[in-house]
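Visitor: Pasting a structure below so you can have a look.
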Amino acid sequence: MRRNDTRHLSPDAQEALRLRVMQALEGGLSQAEAARVFGVSRQSVHSWLRRHRQGGLAALKSGKRGRPPAPRLSPREEAKVVRMIAGRCPDQLKLPFALWTREAAGRLLAERFGVEVSVWTVGRWLRRWGFTPQKPLRRAYEQDAEAVARWLKEEYPAIRRQAKREKAQIHWGDEMGLRSDHQAGRSYGLKGRTPSVPGTGRRFGCHMLSTLTNRGRLSFMVFRGRFSGRVFIGFLRRLIRQSKGKVFLIVDRHPVHRSKALKQWLGKHARRIQLFYLPAYSPELNPDEYLNQDVKANALGRRRPANLTEMMGGVRAYLRSAQRRPRAVRSYFREPHVQYAAA
């Protein structure tokens, strides 16, 4: 008789089969006859009989399948892990990683709590704790945390109150360099064959100046050559000419923004425009940085301009499209680090 592979049966069916075999043995069948009647091996019958003699019917019940459960963290330990990952970088915890990956989190669990699990288990735990893989913001070591806190709690609220008194409009400005070889995004390709994108081997670039407001207004200038005080003053002339009231412009501490020629020009036009400076090394506080990222990713990174004229034309077309969509401009102020400027 063909033997049955009882491993494919459910635990309840396996348990019922073992009980029927024991009943048959008690009824007078030999082990060989029981194995032939029920289609199982004589070794299985002998093993079941030995278990029955040692522990009775309870020894024939089905146990839990699979590997034994991995060691788990207590709720207090889980909360401690979450605080560590959310509050520090791996290298601050003396781990040989720059970013929090599944491998880095697994190393933390092994070294601090003696829990060794696979990277897939670490990934499930991280999702359960509310973590998702994200592109981190780069923050300079030179950034002064106290200066940032003072900007958020004192300086910017004071600028906003002053703007309300003087009926001025707050603009956020920045300058950015663009290069023809910048690439963003991914492309599908056959596994093991990295896709290639044809493009010119010549490198060329331009610069972009822009300002935006939390009401959805966008002003920009795309230009060739070096960013200088003369170029910036020309942009500011056009900005105040296109603005009805006074302009409060918030920028970073680039040398051009603090040049002597610019200060002299600002002194002559103090009734129309006033500059304010962000804390040093704090680009994440400027909403215009998110416009820069958008332009790099969508107006340049996913295209292949053949020459500088085509490149500048594509960037201008993208920015003009954004000007016609104030809601899109306002969306830059929804980023967590700049929501303070949305009101």
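Just remember, in the structure tokens the first chain shown is A, the second B, etc., residues are 1-based per chain, and ligands are 1-based in the order shown.
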Do you know which residues are at most 12 Å from A:Leu57 counting only C-alpha atoms, after dropping those on the same chain fewer than 3 positions away, and could you put them as a ChimeraX atom specification?
Guide: /A:15-16,18-23,48-54,60-62
Visitor: Counting only C-alpha atoms, which of A:Cys206, A:Ala342, A:Leu17, A:Pro136 gets nearest to A:Val45?
Guide: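 Answer, going by the shortest atom-to-atom distance: A:Leu17.
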Visitor: With distances taken over only C-alpha atoms, which residue among A:Ala32, A:Leu209, A:Leu25, A:Ala299 lies nearest A:Arg226?
Guide: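 Closest to A:Arg226 of all the choices is A:Leu209.
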Visitor: Which polymer residues have any atom within 10 Å of an atom of A:Gly229, counting only C-alpha atoms, with same-chain residues fewer than 3 positions away left out, as a ChimeraX atom specification?
Guide: /A:226,232-235,255-263
Visitor: Excluding stretch 80-95 of chain A and residues on its chain fewer than 5 positions from it, collect all residues at most 10 Å away from it, counting only C-alpha atoms, and give them as a PyMOL selection string.
Guide: chain A and resi 73-75+100-101+104-105+107-109+111-113+126+129-131
